[in-house]
Number of protein chains: 2
Amino acid sequence: MAKVRKSKQRDRIRELLERERIHVTASWVYDQLREEFPTLSLGNVYRNLNILVRQGEANRLPFGSTFDVYEAVRKPHYHFVCERCGAIEDVAVPGSLQAQLDSLLDDSSGHRLLRTTVEFHGICQACRKKATPSSEDQ
Amino acid sequence: MAKVRKSKQRDRIRELLERERIHVTASWVYDQLREEFPTLSLGNVYRNLNILVRQGEANRLPFGSTFDVYEAVRKPHYHFVCERCGAIEDVAVPGSLQAQLDSLLDDSSGHRLLRTTVEFHGICQACRKKATPSSEDQ
DNA sequence: GTATCTGCAAAACATTTGCCCTTTG
DNA sequence: CAAAGGGCAAATGTTTTGCAGATAC
């Protein structure tokens, strides 16, 4: 892996990931920074997001959508994804549960476990409220 | 959802999902069936995979890769994904654990939970063996 | 100074879609 | 024979890449 130098653009992308929002897309980041860097290119946003992921500062979350979502790396957590509106919400991880999950793999498989992800898929509260009364099963 | 008629192509795709392999890609399905249906198009494979997913006969698994993976719907299970070679392996679900996971969401969130997925990411046994002795940390 | 970063545009890639003919029921 | 499926090719949308100039160290 080549040496990584500092760059204003990547610094700001890292800041956006860490402070402004929990889950972002490449094009959201691009839109946020266009004013600050009028010549910014989407390709460079992708390049920097990849660098951040490679360096362990960000996670790429490939949900079912047509695009990927990124988040700053922080303490372990799970995700709830709304199938209707795409909203993503963090779910806290009970330590005991994580241990149980990981133990499913450690034992006899011979695989090296790097990380475990849990995704809950469903319909979020807001979307359920939007549903018509007759379609209560949504 | 429009009414779904029978088609030879979709029947064979369903069979492939159920019998031939655990996890398949659209282009693998395409390659398998080209001989049998010389005029088969990749677009049609995608169309039919989408129909099977919509009808609850198949799952789409959007792992980190650049392409999606499909599997026939069967009893609940988790996945181990090798970061190096992309191999996917099923992991059995202890019933008690699944209940604990689901309970994380049911309670106060107000969301409707449709399904829960668990993915273990790491390096599979085969890839670890391939690693040089000096790179034991892989 | 030289390796890395950037903008730009083009390429790559998986997936979807429109059109028109074929098949199913 | 009306509606759904298929083939083909073009379109779509996201992500990556090659190149030439700018920037970091």
# chains A, B, ... in the order shown; residues from 1 in each chain; ligands from 1
>>> interface_residues(of="chain D", to="chain B", cutoff="7 Å", atoms="only C-alpha atoms (C1' of nucleotides)", output="number ranges by chain")
D: 4, 6-7
>>> write_last_selection(atoms="C-alpha atoms (C1' of nucleotides)", output="PDB file, in the first residue's frame")
ATOM      1  C1'  DA D   4     -46.803 -12.334 -20.008  1.00  0.00           C
ATOM      2  C1'  DG D   6     -37.854 -13.662 -24.241  1.00  0.00           C
ATOM      3  C1'  DG D   7     -34.038 -11.791 -27.225  1.00  0.00           C
TER       4       DG D   7
END
>>> interface_residues(of="chain C", to="chain A", cutoff="8 Å", atoms="only C-alpha atoms (C1' of nucleotides)", output="PDB file with N, CA, C and O atoms (P, O5', C5', C4', C3', O3' and C1' of nucleotides), in the first residue's frame")
ATOM      1  P    DT C   4       3.983   6.909  -3.369  1.00  0.00           P
ATOM      2  O5'  DT C   4       2.766   7.937  -3.206  1.00  0.00           O
ATOM      3  C5'  DT C   4       2.739   8.809  -2.079  1.00  0.00           C
ATOM      4  C4'  DT C   4       1.763   9.935  -2.329  1.00  0.00           C
ATOM      5  C3'  DT C   4       0.325   9.494  -2.651  1.00  0.00           C
ATOM      6  O3'  DT C   4      -0.505  10.080  -1.673  1.00  0.00           O
ATOM      7  C1'  DT C   4       1.044  11.210  -4.102  1.00  0.00           C
ATOM      8  P    DC C   5      -2.043   9.916  -1.740  1.00  0.00           P
ATOM      9  O5'  DC C   5      -2.493  11.241  -2.491  1.00  0.00           O
ATOM     10  C5'  DC C   5      -2.308  12.495  -1.841  1.00  0.00           C
ATOM     11  C4'  DC C   5      -2.997  13.566  -2.659  1.00  0.00           C
ATOM     12  C3'  DC C   5      -4.452  13.261  -3.006  1.00  0.00           C
ATOM     13  O3'  DC C   5      -5.226  14.413  -2.727  1.00  0.00           O
ATOM     14  C1'  DC C   5      -3.232  13.746  -4.955  1.00  0.00           C
ATOM     15  P    DT C   6      -6.761  14.405  -2.903  1.00  0.00           P
ATOM     16  O5'  DT C   6      -6.967  15.181  -4.290  1.00  0.00           O
ATOM     17  C5'  DT C   6      -6.494  16.520  -4.446  1.00  0.00           C
ATOM     18  C4'  DT C   6      -6.766  16.972  -5.878  1.00  0.00           C
ATOM     19  C3'  DT C   6      -8.181  16.680  -6.356  1.00  0.00           C
ATOM     20  O3'  DT C   6      -8.882  17.904  -6.480  1.00  0.00           O
ATOM     21  C1'  DT C   6      -6.520  16.089  -7.989  1.00  0.00           C
ATOM     22  P    DG C   7     -10.422  17.912  -6.815  1.00  0.00           P
ATOM     23  O5'  DG C   7     -10.438  18.112  -8.395  1.00  0.00           O
ATOM     24  C5'  DG C   7      -9.693  19.172  -8.978  1.00  0.00           C
ATOM     25  C4'  DG C   7      -9.803  19.107 -10.495  1.00  0.00           C
ATOM     26  C3'  DG C   7     -11.212  18.870 -11.026  1.00  0.00           C
ATOM     27  O3'  DG C   7     -11.416  19.750 -12.126  1.00  0.00           O
ATOM     28  C1'  DG C   7      -9.746  17.167 -11.809  1.00  0.00           C
ATOM     29  P    DC C   8     -12.805  19.990 -12.739  1.00  0.00           P
ATOM     30  O5'  DC C   8     -12.775  19.060 -14.035  1.00  0.00           O
ATOM     31  C5'  DC C   8     -11.713  19.215 -14.977  1.00  0.00           C
ATOM     32  C4'  DC C   8     -11.654  17.991 -15.869  1.00  0.00           C
ATOM     33  C3'  DC C   8     -13.017  17.469 -16.315  1.00  0.00           C
ATOM     34  O3'  DC C   8     -13.211  17.816 -17.676  1.00  0.00           O
ATOM     35  C1'  DC C   8     -11.479  15.714 -15.775  1.00  0.00           C
TER      36       DC C   8
END
>>> closest_atom_pairs(of="chain A", to="chain B", cutoff="9 Å", atoms="only C-alpha atoms", output="JSON lines")
{"residue": "A:Arg60", "atom": "CA", "partner": "B:Gly64", "partner_atom": "CA", "distance": 8.0}
{"residue": "A:Leu61", "atom": "CA", "partner": "B:Gly64", "partner_atom": "CA", "distance": 7.7}
{"residue": "A:Pro62", "atom": "CA", "partner": "B:Gly64", "partner_atom": "CA", "distance": 5.6}
{"residue": "A:Phe63", "atom": "CA", "partner": "B:Pro62", "partner_atom": "CA", "distance": 6.3}
{"residue": "A:Gly64", "atom": "CA", "partner": "B:Pro62", "partner_atom": "CA", "distance": 5.6}
{"residue": "A:Ser65", "atom": "CA", "partner": "B:Pro62", "partner_atom": "CA", "distance": 8.5}
{"residue": "A:Phe80", "atom": "CA", "partner": "B:Leu105", "partner_atom": "CA", "distance": 8.4}
{"residue": "A:Cys82", "atom": "CA", "partner": "B:His111", "partner_atom": "CA", "distance": 8.5}
{"residue": "A:Val91", "atom": "CA", "partner": "B:Leu104", "partner_atom": "CA", "distance": 7.8}
{"residue": "A:Ala92", "atom": "CA", "partner": "B:Leu104", "partner_atom": "CA", "distance": 8.3}
{"residue": "A:Val93", "atom": "CA", "partner": "B:Leu104", "partner_atom": "CA", "distance": 8.7}
{"residue": "A:Pro94", "atom": "CA", "partner": "B:Leu104", "partner_atom": "CA", "distance": 8.9}
{"residue": "A:Leu97", "atom": "CA", "partner": "B:Gln100", "partner_atom": "CA", "distance": 7.7}
{"residue": "A:Gln100", "atom": "CA", "partner": "B:Leu97", "partner_atom": "CA", "distance": 7.7}
{"residue": "A:Leu101", "atom": "CA", "partner": "B:Leu97", "partner_atom": "CA", "distance": 7.8}
{"residue": "A:Asp102", "atom": "CA", "partner": "B:Phe120", "partner_atom": "CA", "distance": 8.2}
{"residue": "A:Leu104", "atom": "CA", "partner": "B:Val91", "partner_atom": "CA", "distance": 7.8}
{"residue": "A:Leu105", "atom": "CA", "partner": "B:Phe120", "partner_atom": "CA", "distance": 7.9}
{"residue": "A:Ser109", "atom": "CA", "partner": "B:Gln125", "partner_atom": "CA", "distance": 7.4}
{"residue": "A:Gly110", "atom": "CA", "partner": "B:Gln125", "partner_atom": "CA", "distance": 5.0}
{"residue": "A:His111", "atom": "CA", "partner": "B:Cys124", "partner_atom": "CA", "distance": 4.4}
{"residue": "A:Arg112", "atom": "CA", "partner": "B:Ile123", "partner_atom": "CA", "distance": 5.0}
{"residue": "A:Leu113", "atom": "CA", "partner": "B:Gly122", "partner_atom": "CA", "distance": 4.4}
{"residue": "A:Leu114", "atom": "CA", "partner": "B:Gly122", "partner_atom": "CA", "distance": 4.5}
{"residue": "A:Arg115", "atom": "CA", "partner": "B:His121", "partner_atom": "CA", "distance": 5.3}
{"residue": "A:Thr116", "atom": "CA", "partner": "B:Phe120", "partner_atom": "CA", "distance": 4.5}
{"residue": "A:Thr117", "atom": "CA", "partner": "B:Glu119", "partner_atom": "CA", "distance": 5.1}
{"residue": "A:Val118", "atom": "CA", "partner": "B:Val118", "partner_atom": "CA", "distance": 4.5}
{"residue": "A:Glu119", "atom": "CA", "partner": "B:Thr117", "partner_atom": "CA", "distance": 5.1}
{"residue": "A:Phe120", "atom": "CA", "partner": "B:Thr116", "partner_atom": "CA", "distance": 4.5}
{"residue": "A:His121", "atom": "CA", "partner": "B:Arg115", "partner_atom": "CA", "distance": 5.3}
{"residue": "A:Gly122", "atom": "CA", "partner": "B:Leu113", "partner_atom": "CA", "distance": 4.4}
{"residue": "A:Ile123", "atom": "CA", "partner": "B:Arg112", "partner_atom": "CA", "distance": 5.0}
{"residue": "A:Cys124", "atom": "CA", "partner": "B:His111", "partner_atom": "CA", "distance": 4.4}
{"residue": "A:Gln125", "atom": "CA", "partner": "B:His111", "partner_atom": "CA", "distance": 4.7}
{"residue": "A:Ala126", "atom": "CA", "partner": "B:His111", "partner_atom": "CA", "distance": 8.3}
{"residue": "A:Cys127", "atom": "CA", "partner": "B:His111", "partner_atom": "CA", "distance": 8.8}
{"residue": "A:Arg128", "atom": "CA", "partner": "B:His111", "partner_atom": "CA", "distance": 7.7}
{"residue": "A:Gln138", "atom": "CA", "partner": "B:Arg112", "partner_atom": "CA", "distance": 8.0}
>>> calpha_fit_and_write(fixed="chain B", moving="chain A", output="PDB file with C-alpha atoms, in the first residue's frame")
ATOM      1  CA  MET A   1     -47.710  -7.231  -9.284  1.00  0.00           C
ATOM      2  CA  ALA A   2     -48.598  -8.708 -12.659  1.00  0.00           C
ATOM      3  CA  LYS A   3     -49.590 -12.317 -12.930  1.00  0.00           C
ATOM      4  CA  VAL A   4     -46.684 -14.664 -13.412  1.00  0.00           C
ATOM      5  CA  ARG A   5     -46.832 -17.355 -16.090  1.00  0.00           C
ATOM      6  CA  LYS A   6     -44.722 -20.433 -16.380  1.00  0.00           C
ATOM      7  CA  SER A   7     -41.591 -20.365 -18.477  1.00  0.00           C
ATOM      8  CA  LYS A   8     -39.009 -22.992 -19.271  1.00  0.00           C
ATOM      9  CA  GLN A   9     -36.199 -20.585 -18.592  1.00  0.00           C
ATOM     10  CA  ARG A  10     -37.409 -19.591 -15.160  1.00  0.00           C
ATOM     11  CA  ASP A  11     -38.108 -23.213 -14.257  1.00  0.00           C
ATOM     12  CA  ARG A  12     -34.522 -24.118 -15.005  1.00  0.00           C
ATOM     13  CA  ILE A  13     -33.165 -21.113 -13.136  1.00  0.00           C
ATOM     14  CA  ARG A  14     -35.230 -22.128 -10.115  1.00  0.00           C
ATOM     15  CA  GLU A  15     -33.881 -25.672 -10.405  1.00  0.00           C
ATOM     16  CA  LEU A  16     -30.316 -24.430 -10.604  1.00  0.00           C
ATOM     17  CA  LEU A  17     -30.828 -22.350  -7.495  1.00  0.00           C
ATOM     18  CA  GLU A  18     -32.351 -25.217  -5.595  1.00  0.00           C
ATOM     19  CA  ARG A  19     -30.226 -28.125  -6.663  1.00  0.00           C
ATOM     20  CA  GLU A  20     -26.977 -27.321  -8.340  1.00  0.00           C
ATOM     21  CA  ARG A  21     -25.291 -24.846  -6.069  1.00  0.00           C
ATOM     22  CA  ILE A  22     -25.832 -22.888  -2.938  1.00  0.00           C
ATOM     23  CA  HIS A  23     -24.838 -19.420  -4.055  1.00  0.00           C
ATOM     24  CA  VAL A  24     -24.930 -18.299  -7.663  1.00  0.00           C
ATOM     25  CA  THR A  25     -24.411 -15.155  -9.682  1.00  0.00           C
ATOM     26  CA  ALA A  26     -26.505 -14.040 -12.634  1.00  0.00           C
ATOM     27  CA  SER A  27     -23.679 -14.697 -15.067  1.00  0.00           C
ATOM     28  CA  TRP A  28     -22.998 -18.157 -13.630  1.00  0.00           C
ATOM     29  CA  VAL A  29     -26.639 -19.032 -14.217  1.00  0.00           C
ATOM     30  CA  TYR A  30     -26.357 -17.593 -17.720  1.00  0.00           C
ATOM     31  CA  ASP A  31     -23.298 -19.719 -18.491  1.00  0.00           C
ATOM     32  CA  GLN A  32     -24.967 -22.860 -17.175  1.00  0.00           C
ATOM     33  CA  LEU A  33     -28.005 -22.433 -19.391  1.00  0.00           C
ATOM     34  CA  ARG A  34     -26.488 -21.161 -22.621  1.00  0.00           C
ATOM     35  CA  GLU A  35     -26.162 -24.665 -24.000  1.00  0.00           C
ATOM     36  CA  GLU A  36     -29.725 -25.578 -23.151  1.00  0.00           C
ATOM     37  CA  PHE A  37     -31.126 -22.264 -24.383  1.00  0.00           C
ATOM     38  CA  PRO A  38     -28.751 -21.031 -27.080  1.00  0.00           C
ATOM     39  CA  THR A  39     -30.608 -17.743 -27.413  1.00  0.00           C
ATOM     40  CA  LEU A  40     -30.801 -17.076 -23.677  1.00  0.00           C
ATOM     41  CA  SER A  41     -29.956 -13.521 -22.729  1.00  0.00           C
ATOM     42  CA  LEU A  42     -28.347 -12.287 -19.541  1.00  0.00           C
ATOM     43  CA  GLY A  43     -31.079  -9.686 -19.256  1.00  0.00           C
ATOM     44  CA  ASN A  44     -33.647 -12.430 -19.029  1.00  0.00           C
ATOM     45  CA  VAL A  45     -31.680 -14.177 -16.305  1.00  0.00           C
ATOM     46  CA  TYR A  46     -31.803 -10.969 -14.289  1.00  0.00           C
ATOM     47  CA  ARG A  47     -35.495 -10.555 -15.002  1.00  0.00           C
ATOM     48  CA  ASN A  48     -36.229 -14.040 -13.746  1.00  0.00           C
ATOM     49  CA  LEU A  49     -33.998 -13.795 -10.713  1.00  0.00           C
ATOM     50  CA  ASN A  50     -35.886 -10.653  -9.767  1.00  0.00           C
ATOM     51  CA  ILE A  51     -39.200 -12.435 -10.194  1.00  0.00           C
ATOM     52  CA  LEU A  52     -38.022 -15.284  -7.974  1.00  0.00           C
ATOM     53  CA  VAL A  53     -36.893 -12.824  -5.333  1.00  0.00           C
ATOM     54  CA  ARG A  54     -40.163 -10.916  -5.553  1.00  0.00           C
ATOM     55  CA  GLN A  55     -42.087 -14.131  -5.100  1.00  0.00           C
ATOM     56  CA  GLY A  56     -40.098 -15.173  -2.088  1.00  0.00           C
ATOM     57  CA  GLU A  57     -38.393 -18.109  -3.783  1.00  0.00           C
ATOM     58  CA  ALA A  58     -34.890 -16.629  -3.783  1.00  0.00           C
ATOM     59  CA  ASN A  59     -32.757 -14.221  -1.807  1.00  0.00           C
ATOM     60  CA  ARG A  60     -30.452 -11.576  -3.211  1.00  0.00           C
ATOM     61  CA  LEU A  61     -27.270 -11.286  -1.169  1.00  0.00           C
ATOM     62  CA  PRO A  62     -25.578  -7.953  -1.824  1.00  0.00           C
ATOM     63  CA  PHE A  63     -22.155  -8.643  -0.398  1.00  0.00           C
ATOM     64  CA  GLY A  64     -19.345  -6.180  -0.825  1.00  0.00           C
ATOM     65  CA  SER A  65     -18.517  -7.470  -4.295  1.00  0.00           C
ATOM     66  CA  THR A  66     -19.266  -5.683  -7.528  1.00  0.00           C
ATOM     67  CA  PHE A  67     -21.995  -8.207  -8.290  1.00  0.00           C
ATOM     68  CA  ASP A  68     -24.920  -9.722  -6.407  1.00  0.00           C
ATOM     69  CA  VAL A  69     -25.271 -13.321  -5.320  1.00  0.00           C
ATOM     70  CA  TYR A  70     -28.523 -15.264  -5.248  1.00  0.00           C
ATOM     71  CA  GLU A  71     -29.652 -18.311  -3.311  1.00  0.00           C
ATOM     72  CA  ALA A  72     -32.848 -20.324  -3.054  1.00  0.00           C
ATOM     73  CA  VAL A  73     -34.883 -19.467  -0.012  1.00  0.00           C
ATOM     74  CA  ARG A  74     -34.595 -22.185   2.596  1.00  0.00           C
ATOM     75  CA  LYS A  75     -34.458 -22.364   6.332  1.00  0.00           C
ATOM     76  CA  PRO A  76     -32.790 -19.412   8.048  1.00  0.00           C
ATOM     77  CA  HIS A  77     -29.026 -19.375   8.099  1.00  0.00           C
ATOM     78  CA  TYR A  78     -26.128 -16.957   8.282  1.00  0.00           C
ATOM     79  CA  HIS A  79     -23.213 -16.492   5.894  1.00  0.00           C
ATOM     80  CA  PHE A  80     -19.471 -16.502   6.156  1.00  0.00           C
ATOM     81  CA  VAL A  81     -17.820 -14.519   3.350  1.00  0.00           C
ATOM     82  CA  CYS A  82     -14.115 -14.837   2.578  1.00  0.00           C
ATOM     83  CA  GLU A  83     -12.642 -11.405   1.938  1.00  0.00           C
ATOM     84  CA  ARG A  84      -9.900 -12.871  -0.192  1.00  0.00           C
ATOM     85  CA  CYS A  85     -11.560 -15.369  -2.529  1.00  0.00           C
ATOM     86  CA  GLY A  86     -15.196 -14.414  -2.141  1.00  0.00           C
ATOM     87  CA  ALA A  87     -16.232 -17.905  -1.085  1.00  0.00           C
ATOM     88  CA  ILE A  88     -19.535 -18.008   0.752  1.00  0.00           C
ATOM     89  CA  GLU A  89     -20.378 -20.598   3.340  1.00  0.00           C
ATOM     90  CA  ASP A  90     -23.576 -21.163   5.265  1.00  0.00           C
ATOM     91  CA  VAL A  91     -23.549 -20.952   9.034  1.00  0.00           C
ATOM     92  CA  ALA A  92     -26.282 -22.653  11.034  1.00  0.00           C
ATOM     93  CA  VAL A  93     -28.504 -20.513  13.232  1.00  0.00           C
ATOM     94  CA  PRO A  94     -28.997 -21.568  16.831  1.00  0.00           C
ATOM     95  CA  GLY A  95     -32.669 -20.868  17.466  1.00  0.00           C
ATOM     96  CA  SER A  96     -32.034 -19.225  20.784  1.00  0.00           C
ATOM     97  CA  LEU A  97     -29.658 -16.758  19.232  1.00  0.00           C
ATOM     98  CA  GLN A  98     -32.072 -15.752  16.515  1.00  0.00           C
ATOM     99  CA  ALA A  99     -34.680 -14.992  19.146  1.00  0.00           C
ATOM    100  CA  GLN A 100     -32.231 -12.815  21.048  1.00  0.00           C
ATOM    101  CA  LEU A 101     -31.320 -10.938  17.897  1.00  0.00           C
ATOM    102  CA  ASP A 102     -34.892 -10.292  16.883  1.00  0.00           C
ATOM    103  CA  SER A 103     -35.792  -9.098  20.343  1.00  0.00           C
ATOM    104  CA  LEU A 104     -33.330  -6.243  19.918  1.00  0.00           C
ATOM    105  CA  LEU A 105     -35.718  -4.652  17.470  1.00  0.00           C
ATOM    106  CA  ASP A 106     -39.218  -5.772  18.367  1.00  0.00           C
ATOM    107  CA  ASP A 107     -39.591  -3.808  21.496  1.00  0.00           C
ATOM    108  CA  SER A 108     -39.629  -0.055  21.457  1.00  0.00           C
ATOM    109  CA  SER A 109     -38.525   0.821  17.957  1.00  0.00           C
ATOM    110  CA  GLY A 110     -41.908   0.825  16.294  1.00  0.00           C
ATOM    111  CA  HIS A 111     -40.361  -0.745  13.220  1.00  0.00           C
ATOM    112  CA  ARG A 112     -41.722  -3.844  11.589  1.00  0.00           C
ATOM    113  CA  LEU A 113     -38.995  -6.458  11.395  1.00  0.00           C
ATOM    114  CA  LEU A 114     -39.089  -8.572   8.263  1.00  0.00           C
ATOM    115  CA  ARG A 115     -35.825 -10.431   8.416  1.00  0.00           C
ATOM    116  CA  THR A 116     -32.422 -10.437  10.022  1.00  0.00           C
ATOM    117  CA  THR A 117     -29.174 -11.190   8.261  1.00  0.00           C
ATOM    118  CA  VAL A 118     -25.848 -11.986   9.850  1.00  0.00           C
ATOM    119  CA  GLU A 119     -22.609 -11.961   7.920  1.00  0.00           C
ATOM    120  CA  PHE A 120     -19.255 -13.146   9.153  1.00  0.00           C
ATOM    121  CA  HIS A 121     -16.361 -11.693   7.210  1.00  0.00           C
ATOM    122  CA  GLY A 122     -12.864 -13.067   7.342  1.00  0.00           C
ATOM    123  CA  ILE A 123     -10.331 -15.268   5.621  1.00  0.00           C
ATOM    124  CA  CYS A 124     -11.388 -18.803   4.870  1.00  0.00           C
ATOM    125  CA  GLN A 125      -9.349 -21.853   5.782  1.00  0.00           C
ATOM    126  CA  ALA A 126      -8.253 -22.494   2.201  1.00  0.00           C
ATOM    127  CA  CYS A 127      -6.942 -18.962   1.746  1.00  0.00           C
ATOM    128  CA  ARG A 128      -5.134 -19.081   5.082  1.00  0.00           C
ATOM    129  CA  LYS A 129      -3.354 -22.219   3.960  1.00  0.00           C
ATOM    130  CA  LYS A 130      -2.316 -20.551   0.733  1.00  0.00           C
ATOM    131  CA  ALA A 131      -0.712 -17.703   2.682  1.00  0.00           C
ATOM    132  CA  THR A 132       3.055 -17.868   3.061  1.00  0.00           C
ATOM    133  CA  PRO A 133       4.341 -19.026   6.468  1.00  0.00           C
ATOM    134  CA  SER A 134       5.736 -15.573   7.155  1.00  0.00           C
ATOM    135  CA  SER A 135       2.370 -13.955   6.653  1.00  0.00           C
ATOM    136  CA  GLU A 136       0.721 -16.077   9.308  1.00  0.00           C
ATOM    137  CA  ASP A 137      -1.327 -13.114  10.427  1.00  0.00           C
ATOM    138  CA  GLN A 138      -3.420 -13.381   7.321  1.00  0.00           C
TER     139      GLN A 138
END
>>> atom_distance(atom1="C1' of DT14 in chain D", atom2="C1' of DG18 in chain C")
21.6 Å
>>> select_by_dssp(residues="chain A", states="strand (DSSP E)", output="ChimeraX atom specification")
/A:58-61,69-72,78-82,88-91,112-123
>>> select_by_dssp(residues="range 6-76 of chain A", states="alpha helix (DSSP H)", output="ChimeraX atom specification")
/A:8-15,26-33,42-54
>>> write_last_selection(atoms="C-alpha atoms", output="mmCIF file, in the first residue's frame")
data_model
loop_
_atom_site.group_PDB
_atom_site.id
_atom_site.type_symbol
_atom_site.label_atom_id
_atom_site.label_comp_id
_atom_site.auth_asym_id
_atom_site.auth_seq_id
_atom_site.Cartn_x
_atom_site.Cartn_y
_atom_site.Cartn_z
ATOM 1 C CA LYS A 8 -7.583 18.998 2.327
ATOM 2 C CA GLN A 9 -10.256 17.089 0.494
ATOM 3 C CA ARG A 10 -9.759 13.871 2.400
ATOM 4 C CA ASP A 11 -9.591 15.744 5.699
ATOM 5 C CA ARG A 12 -12.985 17.256 5.042
ATOM 6 C CA ILE A 13 -14.461 13.951 3.919
ATOM 7 C CA ARG A 14 -13.214 12.363 7.134
ATOM 8 C CA GLU A 15 -14.763 15.211 9.121
ATOM 9 C CA ALA A 26 -20.434 9.227 -2.136
ATOM 10 C CA SER A 27 -22.693 11.665 -3.948
ATOM 11 C CA TRP A 28 -23.971 13.184 -0.698
ATOM 12 C CA VAL A 29 -20.380 13.862 0.306
ATOM 13 C CA TYR A 30 -19.751 15.312 -3.146
ATOM 14 C CA ASP A 31 -22.733 17.655 -2.851
ATOM 15 C CA GLN A 32 -21.674 18.804 0.604
ATOM 16 C CA LEU A 33 -18.195 19.752 -0.541
ATOM 17 C CA LEU A 42 -16.958 12.624 -7.664
ATOM 18 C CA GLY A 43 -14.146 10.313 -8.694
ATOM 19 C CA ASN A 44 -11.938 11.854 -6.061
ATOM 20 C CA VAL A 45 -14.603 11.384 -3.413
ATOM 21 C CA TYR A 46 -14.656 7.688 -4.257
ATOM 22 C CA ARG A 47 -10.877 7.533 -4.228
ATOM 23 C CA ASN A 48 -10.742 9.059 -0.777
ATOM 24 C CA LEU A 49 -13.563 6.985 0.632
ATOM 25 C CA ASN A 50 -11.669 3.912 -0.510
ATOM 26 C CA ILE A 51 -8.509 5.154 1.167
ATOM 27 C CA LEU A 52 -10.391 5.741 4.414
ATOM 28 C CA VAL A 53 -11.863 2.262 4.247
ATOM 29 C CA ARG A 54 -8.475 0.743 3.475
#
>>> atom_distance(atom1="C1' of DT22 in chain C", atom2="C1' of DT12 in chain D")
26.9 Å
